[in-house]
Every structure is written in C-alpha cells, then in structure tokens.
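Undergrad: What follows is upload.txt, compact mmCIF, C-alpha atoms.
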```
# COMPACT_ATOMS: atom_id res chain seq x y z
CA PRO L 169 69.11 3.72 -13.43
CA CYS L 170 67.33 5.23 -16.47
CA GLY L 171 65.56 8.32 -15.16
CA LYS L 172 62.32 9.61 -13.69
CA VAL L 173 59.21 7.72 -14.81
CA GLU L 174 56.03 9.60 -15.62
CA SER L 175 53.66 6.62 -16.04
CA THR L 176 53.60 2.87 -16.64
CA ARG L 177 51.08 0.52 -18.28
CA LEU L 178 50.78 -3.26 -18.42
CA ARG L 179 49.43 -5.10 -21.48
CA SER L 180 48.99 -8.69 -22.76
CA VAL L 181 47.97 -10.10 -19.37
CA ALA L 182 45.99 -13.38 -19.37
CA THR L 183 42.98 -12.55 -17.18
CA ALA L 184 40.59 -15.05 -15.62
CA GLY L 185 37.41 -13.00 -16.14
CA VAL L 186 35.06 -11.17 -13.80
CA LYS L 187 31.37 -10.31 -13.73
CA LEU L 188 30.62 -6.64 -14.39
CA PRO L 189 27.53 -4.55 -13.63
CA PRO L 190 24.80 -4.55 -16.29
CA GLU L 191 25.74 -1.06 -17.53
CA HIS L 192 29.28 -2.35 -18.35
CA ALA L 193 28.28 -5.74 -19.74
CA GLY L 194 30.41 -6.83 -22.70
CA ASN L 195 33.18 -4.28 -22.06
CA GLN L 196 36.27 -6.46 -22.42
CA LYS L 197 38.64 -3.60 -21.70
CA MET L 198 36.95 -3.04 -18.36
CA VAL L 199 37.20 -6.76 -17.59
CA LYS L 200 40.96 -6.76 -18.19
CA LYS L 201 41.46 -3.65 -16.08
CA VAL L 202 39.53 -5.06 -13.12
CA CYS L 203 41.27 -8.45 -13.32
CA ALA L 204 44.73 -6.91 -13.60
CA ASN L 205 44.15 -4.56 -10.66
CA THR L 206 42.64 -7.29 -8.45
CA ASN L 207 45.24 -9.92 -9.49
CA GLN L 208 42.63 -12.26 -11.01
CA LEU L 209 44.82 -13.90 -13.62
CA ASN L 210 44.47 -17.07 -15.65
CA ASP L 211 46.74 -19.67 -14.06
CA GLU L 212 46.24 -22.10 -16.97
CA SER L 213 47.65 -19.67 -19.53
CA PRO L 214 50.97 -20.82 -21.08
CA LYS L 215 52.29 -17.27 -20.91
CA THR L 216 53.90 -16.30 -17.61
CA THR L 217 55.16 -12.87 -18.70
CA ALA L 218 53.57 -9.61 -19.82
CA GLN L 219 54.49 -6.53 -21.78
CA GLY L 220 54.26 -2.94 -20.69
CA TYR L 221 54.95 0.67 -21.59
CA VAL L 222 57.03 3.17 -19.65
CA VAL L 223 56.81 6.93 -20.19
CA PHE L 224 59.87 8.88 -19.07
CA GLU L 225 60.04 12.54 -18.26
CA SER L 226 63.14 13.12 -20.42
CA VAL L 227 64.29 11.84 -23.81
CA GLU L 228 67.74 10.99 -22.45
CA ALA L 229 66.21 8.32 -20.22
CA VAL L 230 64.94 6.42 -23.28
CA ALA L 231 68.48 5.77 -24.55
CA LYS L 232 69.47 4.40 -21.15
CA ALA L 233 66.41 2.16 -21.07
CA LEU L 234 67.25 0.66 -24.48
CA GLU L 235 70.57 -0.51 -23.05
CA LEU L 236 68.63 -2.87 -20.76
CA ASN L 237 67.47 -4.93 -23.74
CA ASN L 238 68.32 -8.65 -23.46
CA THR L 239 69.30 -8.32 -19.79
CA THR L 240 68.15 -10.96 -17.29
CA ILE L 241 65.93 -10.64 -14.23
CA LYS L 242 64.89 -13.31 -11.73
CA ASP L 243 61.31 -14.48 -11.30
CA LYS L 244 60.45 -14.45 -7.60
CA GLU L 245 57.99 -17.37 -7.85
CA THR L 246 59.80 -19.79 -10.18
CA LYS L 247 63.33 -18.58 -9.35
CA SER L 248 64.11 -18.70 -13.07
CA GLU L 249 65.81 -16.06 -15.18
CA LEU L 250 63.79 -14.00 -17.64
CA ARG L 251 65.16 -11.77 -20.37
CA LEU L 252 63.86 -8.27 -20.93
CA ARG L 253 62.91 -7.08 -24.40
CA VAL L 254 63.20 -3.30 -24.55
CA ASP L 255 62.42 -1.30 -27.68
CA TYR L 256 60.65 1.86 -28.79
CA SER L 257 56.86 1.91 -28.35
CA ASN L 258 56.49 2.56 -32.11
CA PRO L 259 59.53 0.93 -33.75
CA ASN L 260 60.18 1.97 -37.34
CA SER L 261 62.10 0.29 -40.12
CA SER L 262 65.38 1.77 -38.89
CA SER L 263 65.02 0.15 -35.48
CA SER L 264 67.45 -2.66 -34.69
CA ALA L 265 64.58 -4.81 -33.42
CA GLN L 266 63.02 -4.79 -36.91
CA ASP L 267 66.12 -5.81 -38.90
CA ALA L 268 64.90 -8.53 -41.28
CA SER L 269 68.43 -9.39 -42.40
CA ARG L 270 69.20 -10.72 -38.90
CA SER L 271 65.80 -12.36 -38.28
CA VAL L 272 64.16 -15.69 -39.12
CA PHE L 273 60.53 -16.74 -39.19
CA VAL L 274 59.57 -19.78 -37.10
CA GLY L 275 56.33 -21.59 -37.91
CA ASN L 276 54.32 -24.59 -36.71
CA LEU L 277 54.96 -23.76 -33.07
CA PRO L 278 52.81 -25.42 -30.36
CA TYR L 279 50.30 -23.41 -28.31
CA ARG L 280 52.36 -23.70 -25.10
CA THR L 281 55.49 -22.16 -26.63
CA ASP L 282 57.45 -19.83 -24.37
CA GLU L 283 60.31 -17.46 -25.14
CA THR L 284 62.86 -19.06 -22.81
CA SER L 285 62.63 -22.62 -24.15
CA LEU L 286 62.48 -21.48 -27.78
CA ARG L 287 65.58 -19.35 -27.29
CA GLN L 288 67.45 -22.28 -25.72
CA HIS L 289 66.34 -24.57 -28.56
CA PHE L 290 68.00 -22.31 -31.13
CA VAL L 291 71.08 -21.78 -28.99
CA ASP L 292 71.68 -25.53 -28.74
CA GLY L 293 70.74 -26.29 -32.35
CA CYS L 294 72.78 -23.52 -33.95
CA GLY L 295 75.76 -24.09 -31.67
CA LEU L 296 75.82 -20.53 -30.33
CA GLU L 297 78.20 -19.57 -27.56
CA SER L 298 75.57 -18.10 -25.24
CA PRO L 299 71.91 -17.01 -25.21
CA ASP L 300 73.15 -13.43 -25.59
CA ASN L 301 73.72 -14.16 -29.31
CA ILE L 302 69.94 -14.04 -29.72
CA VAL L 303 68.82 -10.45 -29.26
CA ASN L 304 65.08 -10.95 -29.33
CA VAL L 305 62.48 -13.73 -29.34
CA ARG L 306 58.97 -12.59 -30.28
CA ILE L 307 56.04 -15.01 -30.21
CA VAL L 308 52.74 -13.90 -31.73
CA ARG L 309 49.92 -14.71 -29.30
CA ASP L 310 46.14 -14.56 -29.15
CA SER L 311 44.84 -11.40 -27.50
CA GLN L 312 42.30 -13.29 -25.37
CA THR L 313 43.89 -16.61 -24.35
CA MET L 314 47.54 -15.51 -24.72
CA GLN L 315 48.29 -18.80 -26.44
CA CYS L 316 50.81 -18.95 -29.25
CA LYS L 317 49.24 -18.55 -32.68
CA GLY L 318 51.76 -20.96 -34.15
CA PHE L 319 54.52 -18.66 -35.37
CA GLY L 320 57.11 -16.19 -34.15
CA TYR L 321 60.33 -14.36 -35.00
CA ILE L 322 63.91 -14.63 -33.73
CA LEU L 323 66.42 -11.80 -34.04
CA PHE L 324 70.11 -12.76 -33.98
CA GLN L 325 73.07 -10.64 -33.03
CA ASP L 326 74.84 -11.10 -36.36
CA LYS L 327 73.74 -11.85 -39.94
CA SER L 328 76.04 -14.87 -40.18
CA MET L 329 73.91 -16.71 -37.60
CA VAL L 330 70.85 -16.60 -39.88
CA SER L 331 72.40 -19.05 -42.34
CA ALA L 332 73.12 -21.55 -39.54
CA ALA L 333 69.55 -21.27 -38.27
CA LEU L 334 68.04 -21.87 -41.71
CA THR L 335 70.17 -24.92 -42.48
CA LYS L 336 70.24 -26.56 -39.05
CA MET L 337 66.94 -25.64 -37.39
CA HIS L 338 64.55 -26.10 -40.32
CA GLN L 339 62.49 -29.30 -39.82
CA SER L 340 63.87 -29.65 -36.30
CA THR L 341 61.75 -30.99 -33.41
CA TYR L 342 60.59 -28.59 -30.72
CA MET L 343 58.12 -29.81 -28.07
CA LYS L 344 57.41 -32.90 -30.18
CA ARG L 345 56.54 -30.80 -33.23
CA THR L 346 58.45 -30.24 -36.46
CA ILE L 347 58.98 -26.51 -36.85
CA ARG L 348 59.57 -24.49 -40.01
CA VAL L 349 62.37 -21.95 -40.16
CA MET L 350 62.29 -19.52 -43.10
CA VAL L 351 63.79 -16.20 -44.04
CA CYS L 352 62.08 -13.13 -42.65
CA GLY L 353 60.91 -10.70 -45.32
CA LYS L 354 61.25 -10.86 -49.12
CA ARG L 355 65.03 -10.98 -49.41
CA TRP L 356 65.12 -14.45 -51.00
CA LYS L 357 62.68 -16.73 -52.73
CA GLY L 358 63.35 -20.37 -53.35
CA LYS L 359 63.55 -23.56 -51.36
CA ARG L 360 62.60 -23.24 -47.75
CA GLY L 361 65.50 -23.12 -45.33
CA VAL L 362 68.16 -22.59 -48.03
CA VAL L 363 70.18 -19.38 -48.38
CA ASP L 364 72.75 -18.45 -50.96
CA GLU L 365 75.81 -17.99 -48.72
CA SER L 366 77.85 -16.44 -51.52
CA SER L 367 76.01 -13.15 -51.16
CA SER L 368 74.41 -11.65 -48.07
CA ALA L 369 71.64 -9.99 -50.10
CA PRO L 370 70.42 -10.26 -53.69
CA SER L 371 71.33 -7.61 -56.23
CA LYS L 372 68.75 -5.15 -57.51
CA GLY L 373 68.77 -6.63 -60.99
CA ARG L 374 68.28 -10.19 -59.83
CA SER L 375 65.16 -11.95 -61.09
CA PHE L 376 63.55 -13.99 -58.34
CA GLU L 377 62.23 -17.50 -58.92
CA GLY L 378 59.53 -18.93 -56.71
CA ARG L 379 59.42 -22.25 -54.88
CA ARG L 380 57.45 -23.82 -57.72
CA VAL L 381 60.30 -23.24 -60.17
CA THR L 382 63.20 -24.08 -57.85
CA GLN L 383 61.58 -27.30 -56.64
CA GLY L 384 60.63 -28.47 -60.13
CA LEU L 385 56.86 -28.20 -59.65
CA PRO L 386 54.68 -27.59 -62.72
CA PRO L 387 53.63 -23.96 -63.21
CA THR L 388 50.01 -22.90 -62.81
CA GLY L 389 47.87 -19.94 -63.81
CA ALA L 390 49.53 -17.16 -65.77
CA ALA L 391 52.95 -18.82 -65.53
CA LYS L 392 51.53 -21.92 -67.23
CA ARG L 393 50.01 -19.90 -70.09
CA ILE L 394 53.20 -17.96 -70.66
CA SER L 395 55.34 -21.09 -70.66
CA ASN L 396 53.01 -22.79 -73.15
CA LYS L 397 53.19 -19.81 -75.51
CA GLU L 398 56.97 -19.72 -75.30
CA LEU L 399 57.12 -23.47 -75.93
CA GLN L 400 54.89 -23.19 -79.00
CA ARG L 401 56.87 -20.29 -80.39
CA PHE L 402 60.28 -21.97 -80.12
CA SER L 403 59.21 -25.54 -80.91
CA GLY L 404 57.15 -24.56 -83.95
CA GLY L 405 54.38 -27.08 -83.37
CA GLY L 406 50.88 -27.23 -81.98
CA GLY L 407 50.02 -23.60 -82.62
CA ALA L 408 46.58 -22.14 -82.55
CA ASN L 409 46.36 -22.24 -86.37
CA GLY L 410 47.49 -25.87 -86.53
CA ASN L 411 50.51 -25.06 -88.69
CA GLY L 412 53.05 -24.41 -85.93
CA THR L 413 52.36 -20.66 -85.60
CA THR L 414 50.16 -18.85 -83.16
CA LYS L 415 47.31 -16.68 -84.39
CA LYS L 416 48.09 -12.99 -84.26
CA ARG L 417 45.58 -11.11 -82.19
CA ARG L 418 43.97 -8.05 -83.73
CA ALA L 419 44.73 -4.84 -81.84
CA ARG L 420 41.84 -2.86 -80.44
CA GLY L 421 40.57 -0.31 -82.95
CA ASP L 422 41.98 -2.06 -86.00
CA THR L 423 39.46 -3.00 -88.68
CA LYS L 424 39.42 -6.38 -90.31
CA LYS L 425 40.68 -6.66 -93.83
CA ASN L 426 38.23 -7.36 -96.61
CA LYS L 427 39.91 -10.64 -97.46
CA ASP L 428 39.21 -11.94 -93.94
CA LYS L 429 35.48 -11.24 -94.29
CA VAL L 430 33.31 -14.16 -95.23
CA PRO L 431 30.36 -12.99 -97.37
CA SER L 432 26.95 -14.13 -96.18
CA LYS L 433 24.54 -16.07 -98.38
CA THR L 434 22.13 -13.12 -98.72
CA GLY L 435 24.84 -10.55 -99.25
CA MET L 436 23.73 -8.68 -96.13
CA SER L 437 25.53 -8.02 -92.90
CA LYS L 438 24.54 -9.74 -89.66
CA ARG L 439 22.97 -6.57 -88.29
CA ALA L 440 20.92 -6.05 -91.45
CA VAL L 441 19.71 -9.65 -91.33
CA SER L 442 18.71 -9.26 -87.67
CA GLU L 443 16.83 -6.01 -88.36
CA ALA L 444 15.03 -7.61 -91.30
CA LYS L 445 13.86 -10.51 -89.10
CA THR L 446 12.63 -8.08 -86.45
CA ASN L 447 10.69 -5.95 -88.98
CA LYS L 448 9.14 -9.08 -90.46
CA ARG L 449 8.01 -10.21 -87.03
CA ILE L 450 6.51 -6.78 -86.27
CA LYS L 451 4.54 -6.73 -89.52
CA LYS L 452 3.21 -10.20 -88.84
CA ILE L 453 1.98 -9.20 -85.38
CA GLU L 454 0.36 -6.00 -86.72
CA LYS L 455 -1.45 -8.04 -89.36
CA ARG L 456 -2.84 -10.43 -86.77
CA ILE L 457 -4.03 -7.50 -84.64
CA LYS L 458 -6.00 -6.06 -87.56
CA LYS L 459 -7.69 -9.42 -88.05
CA GLY L 460 -8.86 -9.40 -84.43
CA MET L 461 -6.18 -11.37 -82.60
CA GLY L 462 -7.26 -12.05 -79.01
CA LYS L 463 -10.98 -11.35 -79.51
CA ALA L 464 -13.47 -13.94 -78.44
CA LYS L 465 -15.25 -15.70 -81.31
CA VAL L 466 -19.02 -15.38 -81.43
```
For the structure just supplied, provide its representation as structure tokens.
TA:
Amino acid sequence: PCGKVESTRLRSVATAGVKLPPEHAGNQKMVKKVCANTNQLNDESPKTTAQGYVVFESVEAVAKALELNNTTIKDKETKSELRLRVDYSNPNSSSSAQDASRSVFVGNLPYRTDETSLRQHFVDGCGLESPDNIVNVRIVRDSQTMQCKGFGYILFQDKSMVSAALTKMHQSTYMKRTIRVMVCGKRWKGKRGVVDESSSAPSKGRSFEGRRVTQGLPPTGAAKRISNKELQRFSGGGGANGNGTTKKRRARGDTKKNKDKVPSKTGMSKRAVSEAKTNKRIKKIEKRIKKGMGKAKV
C-alpha cells in the first residue's frame, strides 16, 4: 500500500549464538547475521518483536508508510495483536515521535517488560478510552540480551494526558515492581510526578528550583555556601571577622595598603629574610669546605 521497496533490514533480534570459523572468531556482527538468516533465535529472550528499516524507491512512499504508525497486526504464533511503530530512520527534533511535551519517562521497569503490557497498564491506570491514545511505547533494551535496561518512554496523543500519567501512574505497581513516572526532558524541575497544571510550559523568565529546594532538603555544595553568605549578610551575625560582617576579598592586582602591613621584627621583608638565611648557610658550608670537610683524618 505504500510503494515499491528497494531494500529491507532487520535489527535488534535476540540471537542464540553460533560457532564461526577461526578467521571470523569474535565477529559479533557476523554471528547475528548467521543466526538471523538461519532462524537461530533466543527463545528465552523477553522480547518477541524486532525493529527494521525499509528503503523505498520514492519519497512519496515514506509519507504513506508513516500513516501505518500505531496500527495493529496479528502474530501468527501467539495470535495476539501487535502495534507497529513507524518513524523516520533518523528522527529530528521536529518529528512527532520525539515530542517531549507529550512524553513521560518510566523508570524501575523489570527486565521482562514488553510494549503491549506496559501500554495496557497506562491505558487502565490513566483511564484512557482506547490504546490508540498512546502513540508510541519505546523500551530501552540491551543490545546483546534484548532485556529491558529498566527504563523507557511513552508518547501520548495529547498533552493533557501527560498530567494524568504523572499524577496517577507514579509509584504504581507494574509486574510486582513500583515504577517511577517523570516528565521527559527539562521542561519542569521539582517534585517527581507533579506538574503545574495552570500552565502547559514554563515561561522563559522562570527560575527553576530543584528537588532539593522543593522538597525541603538541605542544600549542598555551592548552594550551601551561597545560602550561608546570604544568611550572614542579612542576619548580621557570625561573619568572618567576628563582628557580623564578612571580610572583603582583595581583587586580583590590587596592592595591600600600608596600614594593613604588619612590620617584621627585623624591619626586613619575608623575601629578604629568606635570602639572608640562604646566604648565611652558603657561607657556612664554604667555610667548612676550606677547613677540609669530608677529608679523612690522619
């Protein structure tokens, strides 16, 4: 229905492994090619689907292929319905599949996570009308075992569904594990699973506060030093000088005033005193050499 196909490729297939000739030993790409062509797959892998690439002869066929996104096909072995995920081979920021405003991040997923059950979990928990309200479910997997790495992303059909997912699905139980649902991207910072529903996106002039501030945790690092300085300045107590004021740091290149200098006991500078000690030590060694220092006594 899309157009003439020039070539196809399959990727992300869980292979069982095969022994190669000595000249190709250690070539993992060759192992995957041989296993995929001879149908030697890993039956214990939690992933039952694969991803592929299709090259069309015309550009018009690509637009028709994108319309097949989120459509269902039947698995001949399990008789279950699977949903296709169709997108550009190199999606950019303008692609609909990369829209962070309609996506959520899902963490603490079990290794045996699959796209179908995770989609149904969010459909039931968010109270969506149908699975079609979720455009895309992407689970990040290991390249060798094809097991879930513990996190994934869910793309909704509308931005309003993101708020329901953050409030209802955060700390929910999926496959006997408590999952984390957070915003996708850097649109908000604050408590996990909480979104300001009054505005769909923060303004440009908004100053973001981290989780440590919003949850009342004590600041650390640079934030702690800055807060202590501000507290000392406004409270007027406990300054570096002991009188409620902080000591003003001397700018680089500025010379100290004469009144701040403390005269030494000898009236000499530290460098002059150091040079005098060195010269005295040199003269003492030269004097001992003239007297025969190091010679054996007769």
Undergrad: Return the single residue from L:Lys200, L:Lys327, L:Lys451, L:Lys344 that is closest to L:Ala268, with distances computed using all atoms listed in the file.
TA: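 Among the listed residues, L:Lys327 lies closest to L:Ala268.
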Undergrad: Just give me the gap between atom CA of L:Val223 and atom CA of L:Thr176 in Å, one decimal is fine.
TA: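 Answer for the atom CA of L:Val223 to atom CA of L:Thr176 separation: 6.3 Å.
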Undergrad: Looking at L:Val173, L:Ala391, L:Val272, L:Met337, which one is nearest to L:Phe319, with distances taken over all atoms listed in the file?
TA: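 Residue with the minimum atom-to-atom distance to L:Phe319: L:Val272.
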Undergrad: Can you work out which one of L:Gln196, L:Ser180, L:Gln325, L:Thr217 has the shortest atom-to-atom distance to L:Thr246, counting all atoms listed in the file?
TA: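 Looking only at the distances to L:Thr246, the closest residue turns out to be L:Thr217.
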Undergrad: If I put a ball of radius 8 Å at (54.3, -8.1, -21.8) in the file's coordinates, which residues poke into it when counting all atoms listed in the file, written as a list in words?
TA: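 Those residues lying close to the given coordinates are Leu178, Arg179, Ser180, Val181, Thr217, Ala218, Gln219 and Gly220 of chain L.
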